[in-house]
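Enquirer: This one is final-v6.cif, mmCIF, C-alpha atoms.
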```
data_work
loop_
_atom_site.label_atom_id
_atom_site.label_comp_id
_atom_site.auth_asym_id
_atom_site.auth_seq_id
_atom_site.Cartn_x
_atom_site.Cartn_y
_atom_site.Cartn_z
CA MET A 1 0.00 0.00 0.00
CA LYS A 2 2.99 2.30 0.44
CA PHE A 3 3.54 2.21 -3.33
CA ILE A 4 0.23 3.97 -3.97
CA GLN A 5 1.07 6.69 -1.44
CA HIS A 6 4.17 7.60 -3.46
CA THR A 7 2.36 8.00 -6.80
CA TYR A 8 1.81 11.38 -8.38
CA LEU A 9 -1.98 11.15 -8.35
CA PHE A 10 -2.14 10.20 -4.67
CA ARG A 11 0.14 13.08 -3.68
CA LEU A 12 -1.80 15.45 -5.93
CA TYR A 13 -5.09 14.39 -4.29
CA ALA A 14 -3.64 14.89 -0.82
CA GLU A 15 -2.20 18.34 -1.55
CA PHE A 16 -4.39 19.94 -4.23
CA LYS A 17 -7.81 18.38 -4.80
CA LEU A 18 -8.99 20.83 -7.49
CA LEU A 19 -5.99 20.14 -9.71
CA TYR A 20 -6.50 16.40 -9.09
CA VAL A 21 -10.06 16.67 -10.43
CA VAL A 22 -8.87 18.61 -13.50
CA VAL A 23 -6.16 16.03 -14.25
CA CYS A 24 -8.62 13.14 -13.87
CA ILE A 25 -11.15 14.78 -16.19
CA PHE A 26 -8.40 15.44 -18.74
CA VAL A 27 -7.19 11.81 -18.61
CA LEU A 28 -10.73 10.44 -18.89
CA ALA A 29 -11.64 12.76 -21.78
CA THR A 30 -8.42 11.94 -23.63
CA SER A 31 -9.04 8.20 -23.15
CA TRP A 32 -12.64 8.51 -24.34
CA PHE A 33 -11.62 10.40 -27.50
CA ALA A 34 -8.83 7.92 -28.23
CA LEU A 35 -11.16 4.93 -27.80
CA HIS A 36 -13.71 6.49 -30.15
CA SER A 37 -11.14 7.11 -32.91
CA ARG A 38 -11.00 10.81 -32.33
CA GLU A 39 -7.85 12.70 -31.57
CA GLU A 40 -5.52 11.53 -28.86
CA PHE A 41 -5.06 15.00 -27.42
CA PRO A 42 -8.44 16.60 -28.09
CA PHE A 43 -8.10 19.88 -26.22
CA LEU A 44 -5.00 21.16 -28.00
CA LEU A 45 -5.51 19.73 -31.49
CA TYR A 46 -9.26 20.00 -31.88
CA GLY A 47 -10.19 19.96 -35.56
CA MET A 48 -6.64 19.67 -36.78
CA TYR A 49 -7.14 16.22 -38.29
CA SER A 50 -10.75 15.32 -37.59
CA LEU A 51 -12.67 17.92 -39.57
CA LYS A 52 -14.19 16.56 -42.75
CA GLU A 53 -12.84 17.80 -46.04
CA GLU A 54 -15.39 18.82 -48.61
CA ALA A 55 -15.29 17.08 -51.98
CA ASN A 56 -13.96 19.24 -54.80
CA GLU A 57 -14.85 19.08 -58.47
CA THR A 58 -11.19 19.27 -59.47
CA TYR A 59 -7.88 18.60 -57.78
CA THR A 60 -4.39 19.88 -58.50
CA ALA A 61 -1.46 17.51 -58.86
CA TYR A 62 2.05 17.92 -60.18
CA THR A 63 4.14 15.62 -62.33
CA ILE A 64 7.87 15.79 -63.01
CA LEU A 65 9.58 14.51 -66.15
CA VAL A 66 13.35 13.95 -66.06
CA ASP A 67 14.71 13.31 -69.57
CA GLY A 68 11.21 12.34 -70.67
CA LYS A 69 10.68 9.78 -67.88
CA GLU A 70 8.11 10.48 -65.19
CA LEU A 71 9.57 10.74 -61.70
CA LYS A 72 7.54 8.49 -59.39
CA TYR A 73 6.78 9.95 -55.98
CA ALA A 74 6.39 6.41 -54.60
CA ASP A 75 10.06 5.69 -55.36
CA MET A 76 11.27 8.65 -53.27
CA ARG A 77 11.91 8.78 -49.56
CA ASP A 78 9.19 10.64 -47.69
CA THR A 79 11.41 13.57 -46.77
CA ARG A 80 12.58 14.08 -50.36
CA GLU A 81 9.04 13.77 -51.69
CA GLU A 82 7.77 16.34 -49.17
CA LEU A 83 10.63 18.75 -49.94
CA ILE A 84 10.08 18.55 -53.70
CA SER A 85 6.29 18.78 -53.38
CA SER A 86 6.46 21.85 -51.17
CA LEU A 87 8.95 23.55 -53.50
CA ILE A 88 6.72 22.84 -56.50
CA ARG A 89 3.69 24.28 -54.68
CA GLU A 90 5.76 27.39 -53.90
CA LEU A 91 6.81 27.56 -57.57
CA ASP A 92 3.11 27.52 -58.48
CA SER A 93 2.30 30.32 -56.03
CA PRO A 94 2.83 33.84 -57.37
CA ALA A 95 3.42 35.22 -53.87
CA THR A 96 6.62 33.28 -53.19
CA GLU A 97 9.96 33.29 -54.90
CA VAL A 98 11.63 29.92 -55.44
CA LYS A 99 15.13 29.39 -56.68
CA GLU A 100 14.47 27.07 -59.60
CA GLU A 101 18.05 25.81 -59.75
CA TRP A 102 17.84 24.68 -56.13
CA LEU A 103 14.62 22.85 -56.93
CA CYS A 104 16.22 21.21 -59.96
CA ASN A 105 19.19 20.09 -57.87
CA LYS A 106 16.80 18.41 -55.43
CA ILE A 107 15.03 16.64 -58.32
CA SER A 108 18.14 15.48 -60.19
CA SER A 109 21.80 16.06 -59.41
CA ALA A 110 22.87 15.60 -63.05
CA GLU A 111 22.31 18.15 -65.81
CA LYS A 112 19.18 16.60 -67.28
CA LYS A 113 16.11 18.03 -68.97
CA ILE A 114 13.45 18.66 -66.33
CA GLN A 115 9.82 19.50 -66.98
CA ILE A 116 7.26 20.16 -64.26
CA TYR A 117 3.58 20.00 -65.18
CA LYS A 118 0.56 21.16 -63.24
CA LEU A 119 -2.32 18.73 -63.67
CA THR A 120 -5.96 19.58 -63.11
CA CYS A 121 -7.74 16.29 -62.38
CA HIS A 122 -11.02 14.88 -61.23
CA TYR A 123 -11.99 11.39 -60.14
CA LEU A 124 -14.22 9.16 -62.21
CA ALA A 125 -17.05 7.11 -60.70
CA ASP A 126 -14.77 4.07 -60.31
CA GLY A 127 -12.26 6.16 -58.30
CA SER A 128 -9.59 6.44 -60.98
CA PRO A 129 -8.11 9.90 -61.65
CA HIS A 130 -8.71 11.62 -64.98
CA VAL A 131 -6.50 14.50 -66.16
CA LEU A 132 -8.55 17.42 -67.46
CA GLN A 133 -5.70 19.82 -68.18
CA LYS A 134 -1.90 19.51 -68.32
CA GLN A 135 -0.01 22.81 -68.09
CA LEU A 136 3.77 23.22 -68.29
CA MET A 137 4.97 25.15 -65.20
CA TYR A 138 8.73 24.92 -65.54
CA GLU A 139 11.26 23.58 -68.02
CA ARG A 140 15.03 23.28 -67.86
CA HIS A 141 16.98 22.10 -70.91
#
```
So, in terms of structure tokens, how does the structure I just supplied come out?
Expert:
Amino acid sequence: MKFIQHTYLFRLYAEFKLLYVVVCIFVLATSWFALHSREEFPFLLYGMYSLKEEANETYTAYTILVDGKELKYADMRDTREELISSLIRELDSPATEVKEEWLCNKISSAEKKIQIYKLTCHYLADGSPHVLQKQLMYERH
């Protein structure tokens, strides 16, 4: 029984009952949300991942061709894919300035022809993507 007397919750209850109640409510609420497939830390991240995303008519995607061959995002490491994707989105945004040579060095270290296309797509009834428009965003010879 001495073990329980040395725990944090027991000492908290003995010294500060109001804080003990707040901690217990927080632990119970967090457990309830986690068990019901909500967020694990609901009070600080509310809505960050759980809000539903509305369906769009069209979606924007980007494709990269290196010497005429499509660069597959699935073949990249996650960090490289995220870096290249974020740089391409910045390249597409008129408000930001991207150093294209730095982007090209992240795509391919050799001096190769690089083309970046912006694709406007929508999904068919069977779930497969369909490209509506393919627009050249950047080209390096």
Enquirer: Could you pull the residues within 10 Å of Ile107 in chain A, counting all atoms listed in the file, minus those fewer than 2 positions along the same chain, as a PDB file with C-alpha atoms, in the coordinates of the input?
Expert:
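And here is the file that came out, out.pdb:
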```pdb
ATOM      1  CA  ILE A  64       7.870  15.790 -63.010  1.00  0.00           C
ATOM      2  CA  LEU A  65       9.580  14.510 -66.150  1.00  0.00           C
ATOM      3  CA  VAL A  66      13.350  13.950 -66.060  1.00  0.00           C
ATOM      4  CA  LEU A  71       9.570  10.740 -61.700  1.00  0.00           C
ATOM      5  CA  ARG A  80      12.580  14.080 -50.360  1.00  0.00           C
ATOM      6  CA  GLU A  81       9.040  13.770 -51.690  1.00  0.00           C
ATOM      7  CA  LEU A  83      10.630  18.750 -49.940  1.00  0.00           C
ATOM      8  CA  ILE A  84      10.080  18.550 -53.700  1.00  0.00           C
ATOM      9  CA  GLU A 101      18.050  25.810 -59.750  1.00  0.00           C
ATOM     10  CA  TRP A 102      17.840  24.680 -56.130  1.00  0.00           C
ATOM     11  CA  LEU A 103      14.620  22.850 -56.930  1.00  0.00           C
ATOM     12  CA  CYS A 104      16.220  21.210 -59.960  1.00  0.00           C
ATOM     13  CA  ASN A 105      19.190  20.090 -57.870  1.00  0.00           C
ATOM     14  CA  SER A 109      21.800  16.060 -59.410  1.00  0.00           C
ATOM     15  CA  ALA A 110      22.870  15.600 -63.050  1.00  0.00           C
ATOM     16  CA  LYS A 112      19.180  16.600 -67.280  1.00  0.00           C
ATOM     17  CA  ILE A 114      13.450  18.660 -66.330  1.00  0.00           C
TER      18      ILE A 114
END
```
Enquirer: In Å to one decimal, how far is CA of Arg89 in chain A from CA of Glu70 in chain A?
Expert: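 Atom-to-atom, CA of Glu70 in chain A to CA of Arg89 in chain A, that is 17.9 Å.
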Enquirer: Box time for range 30-37 of chain A: axis-aligned, enclosing all its listed atoms, 3 Å extra on each side; report centre and edge lengths in Å to one decimal, as AutoDock Vina command-line options.
Expert:
```
--center_x -11.1 --center_y 8.4 --center_z -28.0 --size_x 11.3 --size_y 13.0 --size_z 15.8
```
Enquirer: Which residue gives the smallest distance to Pro94 in chain A among A:Ala55, A:Met137, A:Ile25, A:Ala74, with all atoms listed in the file counted?
Expert: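 When distances to Pro94 in chain A are compared using all atoms listed in the file, the smallest one comes from A:Met137.
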Enquirer: Skipping near chain neighbours, those fewer than 6 positions away, what residues fall within 9 Å of Lys118 in chain A using all atoms listed in the file, listed as a VMD selection string?
Expert: chain A and resid 60 to 63 92 133 to 137
Enquirer: Could you check how far CA of Lys113 in chain A sits from CA of Glu139 in chain A, in Å to one decimal?
Expert: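 Separation between CA of Lys113 in chain A and CA of Glu139 in chain A: 7.4 Å.
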Enquirer: Would you kindly return, as an MDAnalysis selection string, each protein, DNA or RNA residue with an atom no farther than 6 Å from any atom of Cys121 in chain A, considering all atoms listed in the file and excluding same-chain residues fewer than 6 positions away?
Expert: chainID A and resid 58:59 130:132
Enquirer: State, in Å with one decimal place, the distance from CA of Leu19 in chain A to CA of Lys2 in chain A.
Expert: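 Computed distance, CA of Leu19 in chain A to CA of Lys2 in chain A, equals 22.4 Å.
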